[in-house]
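The structure file model_29.cif is reproduced below (mmCIF, C-alpha atoms).
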data_start
loop_
_atom_site.label_atom_id
_atom_site.label_comp_id
_atom_site.auth_asym_id
_atom_site.auth_seq_id
_atom_site.Cartn_x
_atom_site.Cartn_y
_atom_site.Cartn_z
CA MET A 1 3.92 -37.05 -17.04
CA LEU A 2 6.86 -37.77 -14.78
CA TYR A 3 9.41 -37.09 -17.46
CA SER A 4 7.60 -33.90 -18.40
CA LEU A 5 7.77 -32.65 -14.78
CA ALA A 6 11.45 -33.53 -14.48
CA GLY A 7 12.14 -32.20 -17.98
CA GLY A 8 10.29 -28.97 -17.27
CA GLY A 9 12.25 -28.61 -14.05
CA THR A 10 15.52 -29.16 -15.86
CA LEU A 11 14.57 -26.69 -18.60
CA CYS A 12 13.63 -24.03 -16.04
CA GLY A 13 16.87 -24.80 -14.21
CA VAL A 14 18.95 -24.25 -17.35
CA ALA A 15 17.18 -20.94 -17.98
CA ALA A 16 17.72 -19.91 -14.35
CA LEU A 17 21.40 -20.86 -14.58
CA VAL A 18 21.93 -18.73 -17.70
CA LEU A 19 20.11 -15.77 -16.15
CA LEU A 20 22.01 -16.07 -12.87
CA ILE A 21 25.34 -16.09 -14.71
CA VAL A 22 24.37 -13.07 -16.84
CA SER A 23 23.03 -11.21 -13.82
CA THR A 24 26.13 -11.88 -11.74
CA ALA A 25 28.64 -11.03 -14.47
CA THR A 26 27.22 -7.79 -15.88
CA ASP A 27 27.69 -4.24 -14.63
CA PHE A 28 24.11 -3.02 -14.85
CA TRP A 29 22.53 -3.60 -11.45
CA MET A 30 21.91 0.06 -10.83
CA GLN A 31 22.04 3.26 -12.88
CA TYR A 32 22.38 6.75 -11.45
CA ARG A 33 23.69 10.24 -12.17
CA TYR A 34 27.07 11.14 -10.71
CA SER A 35 28.40 14.70 -11.22
CA GLY A 36 26.05 15.20 -14.16
CA SER A 37 27.21 12.00 -15.91
CA SER A 38 25.40 8.73 -16.20
CA ALA A 39 26.89 5.94 -14.14
CA ASN A 40 26.11 2.32 -13.52
CA GLN A 41 27.35 -0.33 -11.17
CA GLY A 42 27.41 -4.07 -10.90
CA LEU A 43 28.71 -6.52 -8.36
CA TRP A 44 32.31 -6.38 -9.54
CA ARG A 45 32.86 -2.85 -10.89
CA PHE A 46 31.25 0.51 -11.57
CA CYS A 47 31.29 2.62 -14.73
CA ILE A 48 31.25 6.41 -15.08
CA ASN A 49 31.31 8.01 -18.55
CA HIS A 50 31.88 4.60 -20.15
CA LYS A 51 35.08 4.05 -18.11
CA CYS A 52 34.83 1.09 -15.77
CA HIS A 53 36.71 0.69 -12.50
CA ALA A 54 36.91 -2.17 -10.05
CA HIS A 55 35.33 -1.66 -6.66
CA THR A 56 38.28 -0.68 -4.48
CA ILE A 57 36.55 -0.64 -1.13
CA THR A 58 35.46 -3.83 0.53
CA VAL A 59 32.05 -3.39 2.02
CA ALA A 60 30.27 -6.25 3.74
CA PHE A 61 27.11 -5.98 1.63
CA TRP A 62 29.13 -6.23 -1.62
CA ASP A 63 30.93 -9.31 -0.35
CA ALA A 64 27.72 -10.91 0.93
CA THR A 65 25.87 -10.22 -2.31
CA ARG A 66 28.72 -11.59 -4.42
CA ALA A 67 29.10 -14.68 -2.25
CA PHE A 68 25.39 -15.50 -2.26
CA MET A 69 25.13 -14.97 -6.04
CA LEU A 70 28.14 -17.21 -6.72
CA LEU A 71 26.76 -19.90 -4.41
CA ALA A 72 23.39 -19.59 -6.18
CA VAL A 73 25.09 -20.14 -9.55
CA LEU A 74 26.96 -23.20 -8.27
CA SER A 75 23.85 -24.65 -6.63
CA CYS A 76 21.83 -24.10 -9.79
CA LEU A 77 24.55 -25.80 -11.85
CA ALA A 78 24.48 -28.78 -9.48
CA GLY A 79 20.68 -28.97 -9.73
CA VAL A 80 20.77 -28.89 -13.53
CA VAL A 81 23.49 -31.55 -13.73
CA LEU A 82 21.61 -33.80 -11.29
CA GLY A 83 18.38 -33.24 -13.21
CA LEU A 84 20.01 -34.15 -16.51
CA SER A 85 21.76 -37.20 -15.08
CA ALA A 86 18.47 -38.48 -13.68
CA PHE A 87 17.16 -39.06 -17.20
CA THR A 88 19.75 -41.77 -17.76
CA ASN A 89 18.58 -43.73 -14.71
CA GLY A 90 14.88 -42.85 -14.67
CA THR A 91 13.02 -40.38 -12.51
CA LYS A 92 12.77 -42.78 -9.57
CA ASN A 93 16.32 -41.87 -8.84
CA ARG A 94 17.19 -39.77 -5.81
CA ARG A 95 19.10 -37.46 -8.13
CA VAL A 96 15.82 -35.84 -9.11
CA ARG A 97 15.05 -35.05 -5.48
CA THR A 98 18.59 -33.84 -4.78
CA GLY A 99 18.53 -31.73 -7.95
CA GLY A 100 15.20 -30.22 -6.89
CA ILE A 101 16.59 -29.37 -3.46
CA ALA A 102 19.70 -27.80 -5.07
CA LEU A 103 17.52 -25.67 -7.35
CA VAL A 104 15.31 -24.47 -4.49
CA LEU A 105 18.48 -23.69 -2.53
CA SER A 106 19.79 -21.75 -5.51
CA GLY A 107 16.64 -19.63 -5.60
CA PHE A 108 16.89 -19.02 -1.87
CA LEU A 109 20.57 -17.97 -2.06
CA ALA A 110 19.87 -15.58 -4.94
CA LEU A 111 16.89 -14.22 -3.00
CA LEU A 112 19.16 -13.50 -0.04
CA ALA A 113 21.69 -11.77 -2.31
CA LEU A 114 19.09 -9.56 -3.95
CA ALA A 115 17.41 -8.78 -0.63
CA ILE A 116 20.72 -7.60 0.83
CA TYR A 117 21.50 -5.56 -2.27
CA THR A 118 18.02 -4.05 -2.38
CA GLY A 119 18.02 -3.07 1.28
CA VAL A 120 21.39 -1.37 1.18
CA THR A 121 20.78 0.28 -2.19
CA VAL A 122 17.44 1.76 -1.22
CA THR A 123 18.76 2.90 2.16
CA PHE A 124 22.08 4.33 0.95
CA PHE A 125 21.66 5.38 -2.67
CA GLY A 126 18.04 6.40 -2.25
CA LYS A 127 19.15 9.14 0.13
CA ARG A 128 22.36 10.08 -1.69
CA PHE A 129 21.22 10.24 -5.32
CA LEU A 130 17.88 11.53 -6.51
CA ASP A 131 18.00 10.12 -10.04
CA TRP A 132 18.71 6.39 -9.67
CA ARG A 133 17.03 3.15 -10.68
CA PHE A 134 17.60 -0.57 -10.71
CA SER A 135 18.76 -1.81 -14.09
CA TRP A 136 18.20 -4.87 -16.28
CA SER A 137 20.79 -7.17 -14.64
CA TYR A 138 19.07 -6.72 -11.31
CA ILE A 139 15.66 -7.50 -12.85
CA ILE A 140 17.09 -10.58 -14.58
CA GLY A 141 18.25 -11.75 -11.15
CA TRP A 142 14.65 -11.68 -9.90
CA VAL A 143 13.45 -13.62 -12.94
CA ALA A 144 16.19 -16.21 -12.29
CA ILE A 145 14.95 -16.60 -8.71
CA ILE A 146 11.43 -17.38 -9.92
CA LEU A 147 12.74 -19.87 -12.48
CA ALA A 148 15.03 -21.59 -9.95
CA PHE A 149 12.19 -22.03 -7.47
CA ALA A 150 9.88 -23.32 -10.23
CA ALA A 151 12.56 -25.75 -11.44
CA GLY A 152 13.08 -27.09 -7.94
CA VAL A 153 9.36 -27.53 -7.36
CA PHE A 154 8.94 -29.34 -10.70
CA GLN A 155 11.76 -31.76 -9.90
CA LEU A 156 10.52 -32.36 -6.36
CA CYS A 157 7.00 -33.04 -7.72
CA ALA A 158 8.45 -35.47 -10.28
CA TYR A 159 10.26 -37.35 -7.51
CA GLN A 160 7.15 -37.34 -5.32
CA ARG A 161 5.03 -38.75 -8.15
CA THR A 162 7.46 -41.58 -8.80
CA THR A 163 7.65 -42.60 -5.15
CA ALA A 164 3.85 -42.52 -4.82
CA GLU A 165 3.26 -44.83 -7.81
CA PRO A 166 3.44 -48.58 -7.26
CA ALA A 167 6.07 -50.38 -9.27
CA PRO A 168 4.68 -52.21 -12.31
CA SER A 169 4.53 -55.95 -11.82
CA ASN A 170 5.91 -58.31 -14.41
CA ASN A 171 3.81 -61.34 -13.47
CA LEU A 172 2.92 -63.51 -16.42
CA ASP A 173 -0.27 -65.49 -16.13
CA SER A 174 0.53 -68.97 -17.41
#

Take the structure I supplied and represent it as structure tokens, if you would.
Amino acid sequence: MLYSLAGGGTLCGVAALVLLIVSTATDFWMQYRYSGSSANQGLWRFCINHKCHAHTITVAFWDATRAFMLLAVLSCLAGVVLGLSAFTNGTKNRRVRTGGIALVLSGFLALLALAIYTGVTVTFFGKRFLDWRFSWSYIIGWVAIILAFAAGVFQLCAYQRTTAEPAPSNNLDS
């Protein structure tokens, strides 16, 4: 049961890591109409009429969202690596607990990034453009948050179970 909790946590962590990377790297966080053309934007660039351009203005919410998403990816990677390395030494290792904490932290950092992005997008673009919507990269980010939190909880439960169990005794009755 302990290996299944830690293994499930690691599996959820790997899925969260892949989804966080895809969500951070793609240009489909939001779609809207601009001058009669369809447009979309991501964290790094925006595209109008299938021509993509880098964001040229530095706005605090872009920088904060990018920073939190990159920190979430790095924290999730650390949690996955710690979770995988714990299988070599058994789940009684502190690496399981540290990996669980890193995965929960990853979910929290991504939650902060998406909360900032959501607040500014709804406030600014909701008033400026009538025909806009969040796109698939943004939704994948929310799924990654759920998976990162679940992975962290699984690994923390695996560590808690191992510390609560008494160590098996090797006494031989002779």

Mind telling me what the PyMOL selection byres ((chain A and resi 25) around 10) catches here, as a VMD selection string? chain A and resid 19 to 24 26 to 28 42 to 45 69 to 70 137

Could you list, as a PyMOL selection string, every residue within 8 Å of range 152-164 of chain A, counting all atoms listed in the file and ignoring same-chain residues fewer than 4 positions away? chain A and resi 2-3+5-6+8-10+13+83+91-94+96-97+99-104+148

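With CA of Trp136 in chain A on one side and CA of Ala78 in chain A on the other, the separation reads 25.6 Å.
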
Between A:Val14, A:Asp131, A:Thr121, A:Val59, which one has atoms that come closest to Leu82 in chain A, using all atoms listed in the file? A:Val14

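CA of Ser75 in chain A to CA of Leu105 in chain A spans 6.8 Å [interatomic distance, one decimal].
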
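Pairwise distance (CA of Ala86 in chain A, CA of Trp142 in chain A) equals 27.3 Å.
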
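Distances from A:Ser38, A:Asn49, A:Thr65, A:Ser106 to Ala16 in chain A were compared using all atoms listed in the file, and the smallest one belongs to A:Ser106.
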
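Minimum atom-to-atom distance to Gln31 in chain A, evaluated using only C-alpha atoms, belongs to A:Cys47 out of A:Cys47, A:Leu17, A:Ala72, A:Cys12.
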
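Minimum atom-to-atom distances from A:Ala64, A:Val143, A:Ala54, A:Ala150 to Ala115 in chain A were compared using only C-alpha atoms, and the lowest value belongs to A:Ala64.
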
Please write the residues picked by the PyMOL selection byres ((chain A and resi 30) around 8) on this file as an NGL selection string. :A and (28-29 or 31-32 or 40-42 or 132-135 or 138)

Using C-alpha atoms, can you write the selected residues to a file as a short mmCIF file (atom, residue, chain, number, x, y, z; two decimals), keeping the file's coordinate frame?
data_model
loop_
_atom_site.label_atom_id
_atom_site.label_comp_id
_atom_site.auth_asym_id
_atom_site.auth_seq_id
_atom_site.Cartn_x
_atom_site.Cartn_y
_atom_site.Cartn_z
CA PHE A 28 24.11 -3.02 -14.85
CA TRP A 29 22.53 -3.60 -11.45
CA GLN A 31 22.04 3.26 -12.88
CA TYR A 32 22.38 6.75 -11.45
CA ASN A 40 26.11 2.32 -13.52
CA GLN A 41 27.35 -0.33 -11.17
CA GLY A 42 27.41 -4.07 -10.90
CA TRP A 132 18.71 6.39 -9.67
CA ARG A 133 17.03 3.15 -10.68
CA PHE A 134 17.60 -0.57 -10.71
CA SER A 135 18.76 -1.81 -14.09
CA TYR A 138 19.07 -6.72 -11.31
#

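Nearest to Gly141 in chain A of all the residues A:Ser4, A:Phe108, A:Phe124, A:Gly119 is A:Phe108, based on all atoms listed in the file.
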
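Closest approach to Ala67 in chain A from the set A:Leu147, A:Leu114, A:Val81, A:His53 is made by A:Leu114, with distances taken over only C-alpha atoms.
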